[in-house]
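To start, the structure under review is shown below, and the notes come after it.
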Amino acid sequence: MTISDNQGSTAAAAVQIQPPSRMALPDFLQSVKLKYVKLGYHYLISNLFTFCFVPLIFVTLIHFSQTDIDDLHHVWLHLQYNIISILTCSAFIVFGLTVFILTRPRPVYLVDFACYRPADRFKAPFCSFMEHSRLTGDFDESSLEFQRKILLRSGLGEETYVPEAMLYIPPRSSMVTARAEAEEVMFGALDSLFQNTNLKPKAIGILVVNCSLFNPTPSLSAMIVNKYKLRGNIKSFNLGGMGCSAGVIAIDLAKDLLQVHRNTYAVVVSTENITQNWYFGNKKSMLIPNCLFRVGGSAVLLSNKSADRRRAKYRLVHVVRTNRAADDKAFRCVYQEQDDAGKTGVSLSKDLMAIAGSALKTNITTLGPLVLPISEQLLFFATLVMRKLFKADVKPYIPDFKLAFDHFCIHAGGRAVIDELEKNLQLLPVHVEASRMTLHRFGNTSSSSIWYELAYIEAKGRMRRGNRLWQIAFGSGFKCNSAVWEALHNVKPSPNGPWEDCIDEYPVEIPLIAQQHIS
C-alpha cells in the first residue's frame, strides 16, 4: 500500500497499523449533510403523534382481546341503568355535528383555467421594439439607451407580445383600440375556458374581472356579460387600480361569494391593458413599465359544487392578503402620475424592492403557521425565544417553505423580483423555473402571470396528486397576496394552452449578452 508524499506521518502510521481486513469508517462530521438531518427531524416531529398513538392502540387491543362474555354482559347492564345519560350525550353529539356541518367553509374547486395566447404578428423582438420607439419621435437618445439596457437586464425574451395599436407609427392609443385589446384578450381566454370545460355561459353565477389601468364605462365585466349573454341575476364585479396582485384578490372575492351562494360557478378574469397606458415621455422611472409589461390575460373557473370535485384540478386551501397602503412610501412606490411635460405613466420608486420585501415578510408571517409543518414552526419559535428572551447571538431562522409547498408561482414582475425571492426563501432553480420562463416567453402580464406559470408546470407534467402550490403576487398599494392550492389528482395540461407548441424548448438559458449587463 502506497501513500503520497504530501500525506503526514500520522496518516501513514494509521494506515500501517490498520488491520488489512477492516475498512476505515468515514468521518461522519464531514460527510453528513445538514439538510438530511433536518429532513429526519422534520419526519420525526411531523409523525410524533403517530409514534405516540400507535403503542396506545396496541395496548388497548391487547386489553380488549382479554375480555370475555361476562365482562361484556356487565357493560350492557351498566348502560341500561344509565340510559338518560347516554341519550343526553348522544343528543349533544348530534347537535355538535349538525352545527359543524352547517357552519364549516364550503370547499372551493378550481375546475380549469385558460390563458390568452396572442397571434404571432403581435410579437415584439428587441430590435423591433427599439426601432419602433425611435420612430415614434417621443424619446430622446438617453431614454432610448435606458430602455435598451432595461430590456437586456429584464429577463424578457424575443417573443413577447404587444397590442396591435402599438404596431403602428404613430401608435393608435384611443378608447376604441383599448376596448379592442380588452375584448381580444378577455374573450380569447374565455372562449378557451368554455371550450375546455363544456360549460354554458348561462351557468355562471358570479363574475369577477380585474384590470388595473383600464376601466371604461360600461365596465369590462359588463362587456363580458353582453358578449356571452350571461343571466340577468349574475353577481358581477369589476376591480380596478389594484395592480399586479389583483388576480389573487379576485380569487379571494370569488371564494367569499361562493361561501354564500350555493351550487354555482364563479369565473375570474385577470388582465391588464397596455394600449392607453404606454408612456411616451423621458422620465426614467416611468419608462421601466414600457420595457416589462406585455399583453396577456387569464380566465379561471371556480365551483362550490361537490359534484365538480372529481373533474376539478385543484382545491383552494388558503388566501392571505397583506396591504401596506397605510405607509406613505409603500403607497407611492408604484404610482400613476403625469411627468413635467404632462404625459401620463406609472412611476416605480427606487424603494420598490425594499417595500416588497417588507410586505412579503408580513405575508409569510401570517401564512407560515397555516402551511408550515410543526417541525419548522418549533425551530422558528425556539430561535425567536433564544434571541428575544436570552439575547443569544443567533441568526433569525428562515422557515423552509420547500417543506410546505411542491411548486411556486412567483409573480413574473421582473428578473430582480424573482432573484430576490429565490434568495430570501432559499429556493432551488427548479422552484423558480416557471416564473423565469414565463417572464422570458410572455413578459410581465400583470395579474395573469401566475396562471401562465401554473400552465408551465402543468405542461411539464410536474403536478401530482396532493402537491401544494403557492401563488404569490405583488401589486401597487403596496400589496402582497398569496393563494395556496392543492392538486386533486395528477394534472394534465388543458388543450390550447399557452405553452402547447413551445414547452419542449424550455427551460432556456439567459443569453450571454444579458448576463454581462446583470449586476
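Letters A, B, ... mark the chains of the C-alpha cells in the order given; residue numbers begin at 1 per chain; ligand numbers begin at 1, in order shown.
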
Would you give me, as a CSV table (one decimal) with C-alpha atoms, in the first residue's frame, the residues in stretch 344-416 of chain A that DSSP reads as strand (DSSP E)?
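To be explicit, this is the file written out as part_30.csv:
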chain,number,residue,atom,x,y,z
A,344,THR,CA,-49.2,60.0,-18.1
A,345,GLY,CA,-47.4,56.9,-16.9
A,346,VAL,CA,-46.7,54.7,-14.0
A,347,SER,CA,-43.7,55.6,-11.9
A,348,LEU,CA,-41.6,52.9,-10.0
A,407,HIS,CA,-44.5,24.3,-6.6
A,408,PHE,CA,-44.1,28.0,-6.6
A,409,CYS,CA,-45.7,30.6,-8.9
A,410,ILE,CA,-43.9,33.9,-8.1

Counting only C-alpha atoms, give me one row per residue of stretch 152-216 of chain A with an atom at most 6 Å from an atom of stretch 265-287 of chain A, showing the shortest contact pair and its distance in Å to one decimal, sorted by chain then residue number, as a tab-separated table.
residue	atom	partner	partner_atom	distance
A:Ser173	CA	A:Gln276	CA	5.2
A:Ala178	CA	A:Thr275	CA	5.2
A:Ile204	CA	A:Tyr265	CA	5.0
A:Gly205	CA	A:Tyr265	CA	5.5
A:Ile206	CA	A:Ala266	CA	4.4
A:Leu207	CA	A:Val267	CA	5.0
A:Val208	CA	A:Val268	CA	4.8
A:Val209	CA	A:Val269	CA	4.7
A:Asn210	CA	A:Ser270	CA	5.1
A:Cys211	CA	A:Glu272	CA	5.0
A:Phe214	CA	A:Asn273	CA	5.9

Please report as CSV every residue of stretch 273-348 of chain A lying within 12 Å of stretch 481-496 of chain A, along with the nearest atom pair and their distance in Å (one decimal), using only C-alpha atoms.
residue,atom,partner,partner_atom,distance
A:Asp308,CA,A:Leu488,CA,11.2
A:Arg309,CA,A:Leu488,CA,8.0
A:Arg310,CA,A:Leu488,CA,8.1
A:Arg311,CA,A:Leu488,CA,8.8
A:Ala312,CA,A:Leu488,CA,7.1
A:Lys313,CA,A:Leu488,CA,5.7
A:Tyr314,CA,A:Ala487,CA,4.5
A:Arg315,CA,A:Glu486,CA,5.2
A:Leu316,CA,A:Trp485,CA,4.7
A:Val317,CA,A:Trp485,CA,5.4
A:His318,CA,A:Val484,CA,5.0
A:Val319,CA,A:Ala483,CA,4.5
A:Val320,CA,A:Ser482,CA,5.1
A:Arg321,CA,A:Asn481,CA,4.4
A:Thr322,CA,A:Asn481,CA,5.9
A:Asn323,CA,A:Asn481,CA,8.4
A:Arg324,CA,A:Asn481,CA,11.2

Output all heavy atoms for every residue in the selection just made, as a compact mmCIF listing (two decimals), in the first residue's frame.
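Writing the result to out-v1.txt gives the following:
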# COMPACT_ATOMS: atom_id res chain seq x y z
N ASP A 308 -68.38 18.61 -8.71
CA ASP A 308 -67.25 19.04 -9.55
C ASP A 308 -65.90 18.62 -8.99
O ASP A 308 -64.87 18.84 -9.64
CB ASP A 308 -67.27 20.57 -9.72
CG ASP A 308 -68.31 21.03 -10.72
OD1 ASP A 308 -68.48 20.33 -11.73
OD2 ASP A 308 -68.96 22.06 -10.49
N ARG A 309 -65.89 18.03 -7.80
CA ARG A 309 -64.62 17.64 -7.21
C ARG A 309 -63.88 16.62 -8.08
O ARG A 309 -62.65 16.64 -8.17
CB ARG A 309 -64.83 17.06 -5.81
CG ARG A 309 -63.54 16.88 -5.03
CD ARG A 309 -63.76 16.20 -3.68
NE ARG A 309 -62.58 16.33 -2.86
CZ ARG A 309 -61.47 15.59 -2.98
NH1 ARG A 309 -61.41 14.67 -3.93
NH2 ARG A 309 -60.45 15.76 -2.18
N ARG A 310 -64.62 15.74 -8.73
CA ARG A 310 -63.99 14.68 -9.50
C ARG A 310 -63.29 15.20 -10.75
O ARG A 310 -62.27 14.65 -11.17
CB ARG A 310 -65.04 13.63 -9.89
CG ARG A 310 -65.72 12.98 -8.70
CD ARG A 310 -66.64 11.86 -9.12
NE ARG A 310 -65.89 10.74 -9.71
CZ ARG A 310 -66.46 9.62 -10.14
NH1 ARG A 310 -67.77 9.47 -10.07
NH2 ARG A 310 -65.71 8.65 -10.64
N ARG A 311 -63.82 16.27 -11.35
CA ARG A 311 -63.18 16.79 -12.56
C ARG A 311 -62.32 18.01 -12.31
O ARG A 311 -61.59 18.45 -13.20
CB ARG A 311 -64.24 17.13 -13.60
CG ARG A 311 -65.14 18.31 -13.27
CD ARG A 311 -65.87 18.79 -14.52
NE ARG A 311 -66.76 19.92 -14.27
CZ ARG A 311 -67.15 20.77 -15.22
NH1 ARG A 311 -66.74 20.61 -16.47
NH2 ARG A 311 -67.97 21.77 -14.93
N ALA A 312 -62.40 18.57 -11.10
CA ALA A 312 -61.61 19.77 -10.79
C ALA A 312 -60.13 19.44 -10.70
O ALA A 312 -59.73 18.31 -10.37
CB ALA A 312 -62.09 20.38 -9.48
N LYS A 313 -59.30 20.43 -11.00
CA LYS A 313 -57.85 20.26 -10.93
C LYS A 313 -57.32 20.51 -9.51
O LYS A 313 -56.44 19.78 -9.04
CB LYS A 313 -57.17 21.23 -11.89
CG LYS A 313 -57.34 20.90 -13.36
CD LYS A 313 -56.53 21.85 -14.22
CE LYS A 313 -56.54 21.44 -15.69
NZ LYS A 313 -55.70 22.34 -16.52
N TYR A 314 -57.84 21.55 -8.86
CA TYR A 314 -57.28 21.97 -7.58
C TYR A 314 -58.38 22.33 -6.59
O TYR A 314 -59.52 22.62 -6.98
CB TYR A 314 -56.35 23.18 -7.75
CG TYR A 314 -55.28 23.00 -8.79
CD1 TYR A 314 -55.48 23.43 -10.10
CD2 TYR A 314 -54.08 22.38 -8.47
CE1 TYR A 314 -54.50 23.25 -11.07
CE2 TYR A 314 -53.10 22.19 -9.44
CZ TYR A 314 -53.31 22.63 -10.73
OH TYR A 314 -52.35 22.45 -11.69
N ARG A 315 -57.99 22.34 -5.32
CA ARG A 315 -58.86 22.85 -4.24
C ARG A 315 -58.15 24.03 -3.60
O ARG A 315 -56.96 23.96 -3.28
CB ARG A 315 -59.12 21.77 -3.20
CG ARG A 315 -59.97 22.23 -2.01
CD ARG A 315 -60.21 21.08 -1.03
NE ARG A 315 -58.97 20.63 -0.43
CZ ARG A 315 -58.47 21.14 0.70
NH1 ARG A 315 -59.08 22.14 1.32
NH2 ARG A 315 -57.33 20.67 1.20
N LEU A 316 -58.89 25.12 -3.40
CA LEU A 316 -58.32 26.30 -2.76
C LEU A 316 -58.17 26.05 -1.27
O LEU A 316 -59.14 25.71 -0.58
CB LEU A 316 -59.22 27.52 -3.00
CG LEU A 316 -58.72 28.86 -2.43
CD1 LEU A 316 -57.37 29.24 -3.01
CD2 LEU A 316 -59.75 29.96 -2.70
N VAL A 317 -56.96 26.20 -0.75
CA VAL A 317 -56.67 25.91 0.65
C VAL A 317 -56.64 27.18 1.49
O VAL A 317 -57.31 27.28 2.52
CB VAL A 317 -55.34 25.15 0.78
CG1 VAL A 317 -55.08 24.78 2.25
CG2 VAL A 317 -55.35 23.89 -0.08
N HIS A 318 -55.85 28.17 1.06
CA HIS A 318 -55.71 29.41 1.83
C HIS A 318 -55.56 30.60 0.88
O HIS A 318 -55.02 30.46 -0.22
CB HIS A 318 -54.48 29.39 2.75
CG HIS A 318 -54.48 28.30 3.76
ND1 HIS A 318 -55.37 28.24 4.81
CD2 HIS A 318 -53.66 27.21 3.89
CE1 HIS A 318 -55.11 27.17 5.53
NE2 HIS A 318 -54.09 26.52 5.00
N VAL A 319 -56.02 31.75 1.32
CA VAL A 319 -55.69 33.04 0.70
C VAL A 319 -55.28 33.99 1.81
O VAL A 319 -56.02 34.17 2.79
CB VAL A 319 -56.88 33.64 -0.09
CG1 VAL A 319 -56.50 35.02 -0.63
CG2 VAL A 319 -57.29 32.73 -1.23
N VAL A 320 -54.09 34.57 1.68
CA VAL A 320 -53.58 35.51 2.69
C VAL A 320 -53.23 36.81 1.98
O VAL A 320 -52.44 36.81 1.02
CB VAL A 320 -52.35 34.95 3.41
CG1 VAL A 320 -51.76 36.00 4.35
CG2 VAL A 320 -52.71 33.69 4.20
N ARG A 321 -53.80 37.90 2.46
CA ARG A 321 -53.59 39.21 1.83
C ARG A 321 -52.92 40.18 2.79
O ARG A 321 -53.27 40.25 3.97
CB ARG A 321 -54.93 39.79 1.34
CG ARG A 321 -55.56 38.98 0.22
CD ARG A 321 -57.01 39.34 -0.01
NE ARG A 321 -57.21 40.76 -0.24
CZ ARG A 321 -58.40 41.33 -0.43
NH1 ARG A 321 -59.49 40.56 -0.44
NH2 ARG A 321 -58.50 42.62 -0.63
N THR A 322 -51.94 40.93 2.26
CA THR A 322 -51.22 41.94 3.04
C THR A 322 -51.32 43.27 2.33
O THR A 322 -50.99 43.37 1.14
CB THR A 322 -49.75 41.55 3.22
OG1 THR A 322 -49.66 40.29 3.89
CG2 THR A 322 -49.00 42.60 4.01
N ASN A 323 -51.75 44.31 3.04
CA ASN A 323 -51.94 45.64 2.45
C ASN A 323 -51.14 46.66 3.26
O ASN A 323 -51.37 46.84 4.45
CB ASN A 323 -53.42 46.02 2.45
CG ASN A 323 -53.72 47.20 1.56
OD1 ASN A 323 -52.92 48.12 1.46
ND2 ASN A 323 -54.87 47.20 0.91
N ARG A 324 -50.17 47.32 2.60
CA ARG A 324 -49.30 48.29 3.27
C ARG A 324 -49.62 49.73 2.86
O ARG A 324 -48.78 50.62 2.99
CB ARG A 324 -47.84 48.00 2.94
CG ARG A 324 -47.35 46.61 3.35
CD ARG A 324 -47.40 46.43 4.86
NE ARG A 324 -46.64 47.48 5.52
CZ ARG A 324 -45.33 47.46 5.70
NH1 ARG A 324 -44.62 46.43 5.25
NH2 ARG A 324 -44.71 48.44 6.32

Check: Between A:Leu425, A:Leu469, A:Cys291, A:Val94, which is the closest to A:Thr160 once you count only C-alpha atoms?
Finding: A:Cys291

Notebook entry, point to check: What does the distance from atom CA of A:Glu509 to atom CA of A:His440 come to in Å, to one decimal?
Noted result: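 Result for atom CA of A:Glu509 versus atom CA of A:His440: 10.0 Å, one decimal.
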
Margin query: As an exercise, work out the distance from atom CA of A:Phe405 to atom CA of A:Leu428 in Å and give it to one decimal place.
Written below: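 Atom CA of A:Leu428 lies at a distance of 12.4 Å from atom CA of A:Phe405.
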
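Counting only C-alpha atoms, the residue from A:Thr136, A:Gly497, A:Lys123, A:Ser435 that sits nearest to A:Asn196 is A:Gly497.
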
Check: Interatomic distance between atom CA of A:Cys333 and atom CA of A:Pro289?
Finding: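 Value for the atom CA of A:Cys333-atom CA of A:Pro289 distance: 13.2 Å.
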
Note to self: I'd like to know which of A:Pro107, A:Leu135, A:Leu167, A:Ser298 is closest to A:Ala182, using only C-alpha atoms.
What the structure shows: A:Ser298

Check: Which residues, written as a PyMOL selection string, have at least one atom at most 10 Å from A:Leu439, with only C-alpha atoms counted and residues fewer than 5 positions away on the same chain left out?
Finding: chain A and resi 154-157+160+292-294+411-415+418+433-434+444-445+449+452-453

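Excluding stretch 353-360 of chain A and any residue on its chain fewer than 6 positions from it, the residues at most 10 Å away by only C-alpha atoms are Arg321, Thr322, Asn323, Arg324, Asp327, Lys329, Ala330, Phe331, Cys333, Thr366, Ala416, Val417, Glu420, Leu421, Asn424, Ile472, Ala473, Phe474, Gly475, Ser476, Phe478, Lys479, Cys480, Asn481 and Ser482 of chain A.
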
Same residues, N, CA and C atoms, output as a JSON list (two decimals), in the first residue's frame:
[["chain", "number", "residue", "atom", "x", "y", "z"],
["A", 321, "ARG", "N", -53.80, 37.90, 2.46],
["A", 321, "ARG", "CA", -53.59, 39.21, 1.83],
["A", 321, "ARG", "C", -52.92, 40.18, 2.79],
["A", 322, "THR", "N", -51.94, 40.93, 2.26],
["A", 322, "THR", "CA", -51.22, 41.94, 3.04],
["A", 322, "THR", "C", -51.32, 43.27, 2.33],
["A", 323, "ASN", "N", -51.75, 44.31, 3.04],
["A", 323, "ASN", "CA", -51.94, 45.64, 2.45],
["A", 323, "ASN", "C", -51.14, 46.66, 3.26],
["A", 324, "ARG", "N", -50.17, 47.32, 2.60],
["A", 324, "ARG", "CA", -49.30, 48.29, 3.27],
["A", 324, "ARG", "C", -49.62, 49.73, 2.86],
["A", 327, "ASP", "N", -48.81, 53.06, 4.85],
["A", 327, "ASP", "CA", -47.47, 53.64, 4.85],
["A", 327, "ASP", "C", -47.30, 54.50, 3.59],
["A", 329, "LYS", "N", -44.64, 55.68, 1.94],
["A", 329, "LYS", "CA", -43.67, 55.20, 0.95],
["A", 329, "LYS", "C", -44.22, 54.02, 0.17],
["A", 330, "ALA", "N", -44.88, 53.12, 0.87],
["A", 330, "ALA", "CA", -45.46, 51.95, 0.21],
["A", 330, "ALA", "C", -46.58, 52.38, -0.73],
["A", 331, "PHE", "N", -47.35, 53.35, -0.31],
["A", 331, "PHE", "CA", -48.48, 53.82, -1.11],
["A", 331, "PHE", "C", -48.02, 54.43, -2.42],
["A", 333, "CYS", "N", -44.96, 53.88, -4.00],
["A", 333, "CYS", "CA", -43.83, 53.24, -4.69],
["A", 333, "CYS", "C", -44.20, 52.78, -6.11],
["A", 366, "THR", "N", -47.90, 35.59, 8.39],
["A", 366, "THR", "CA", -49.28, 35.15, 8.56],
["A", 366, "THR", "C", -49.50, 33.78, 7.93],
["A", 416, "ALA", "N", -35.39, 40.94, -11.15],
["A", 416, "ALA", "CA", -34.96, 41.26, -9.79],
["A", 416, "ALA", "C", -35.93, 40.69, -8.75],
["A", 417, "VAL", "N", -37.22, 40.72, -9.04],
["A", 417, "VAL", "CA", -38.22, 40.19, -8.11],
["A", 417, "VAL", "C", -38.00, 38.69, -7.90],
["A", 420, "GLU", "N", -34.70, 37.92, -5.95],
["A", 420, "GLU", "CA", -34.76, 38.20, -4.51],
["A", 420, "GLU", "C", -35.56, 37.14, -3.77],
["A", 421, "LEU", "N", -36.68, 36.70, -4.34],
["A", 421, "LEU", "CA", -37.47, 35.68, -3.67],
["A", 421, "LEU", "C", -36.75, 34.33, -3.66],
["A", 424, "ASN", "N", -34.10, 34.87, -0.80],
["A", 424, "ASN", "CA", -34.61, 35.04, 0.56],
["A", 424, "ASN", "C", -35.40, 33.83, 1.05],
["A", 472, "ILE", "N", -47.85, 33.65, -5.40],
["A", 472, "ILE", "CA", -47.56, 34.86, -4.64],
["A", 472, "ILE", "C", -47.38, 36.02, -5.61],
["A", 473, "ALA", "N", -48.08, 37.12, -5.33],
["A", 473, "ALA", "CA", -48.08, 38.26, -6.25],
["A", 473, "ALA", "C", -47.93, 39.57, -5.48],
["A", 474, "PHE", "N", -47.31, 40.55, -6.13],
["A", 474, "PHE", "CA", -47.11, 41.89, -5.57],
["A", 474, "PHE", "C", -47.83, 42.90, -6.44],
["A", 475, "GLY", "N", -48.32, 43.97, -5.82],
["A", 475, "GLY", "CA", -49.03, 44.98, -6.59],
["A", 475, "GLY", "C", -49.02, 46.33, -5.92],
["A", 476, "SER", "N", -49.44, 47.34, -6.67],
["A", 476, "SER", "CA", -49.47, 48.72, -6.18],
["A", 476, "SER", "C", -50.33, 48.81, -4.93],
["A", 478, "PHE", "N", -49.06, 49.40, -1.13],
["A", 478, "PHE", "CA", -48.47, 48.25, -1.80],
["A", 478, "PHE", "C", -49.05, 46.97, -1.21],
["A", 479, "LYS", "N", -49.24, 45.94, -2.04],
["A", 479, "LYS", "CA", -49.87, 44.71, -1.57],
["A", 479, "LYS", "C", -49.01, 43.50, -1.91],
["A", 480, "CYS", "N", -49.10, 42.50, -1.03],
["A", 480, "CYS", "CA", -48.50, 41.19, -1.26],
["A", 480, "CYS", "C", -49.57, 40.16, -0.91],
["A", 481, "ASN", "N", -49.95, 39.33, -1.87],
["A", 481, "ASN", "CA", -51.05, 38.39, -1.67],
["A", 481, "ASN", "C", -50.62, 36.98, -2.06],
["A", 482, "SER", "N", -51.11, 36.01, -1.29],
["A", 482, "SER", "CA", -50.76, 34.61, -1.52],
["A", 482, "SER", "C", -52.01, 33.76, -1.65]]

Next item on the list: Assign secondary structure with DSSP using the backbone only, and return the residues of stretch 289-400 of chain A in helix (DSSP H, G or I) as a ChimeraX atom specification.
Entry: /A:289-292,306-309,328-332,352-371,374-388

Notebook entry, point to check: Looking at A:Val99, A:Leu110, A:Leu72, A:Leu403, which one is nearest to A:Lys255, with distances taken over only C-alpha atoms?
Noted result: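 Answer, going by the shortest atom-to-atom distance: A:Leu110.
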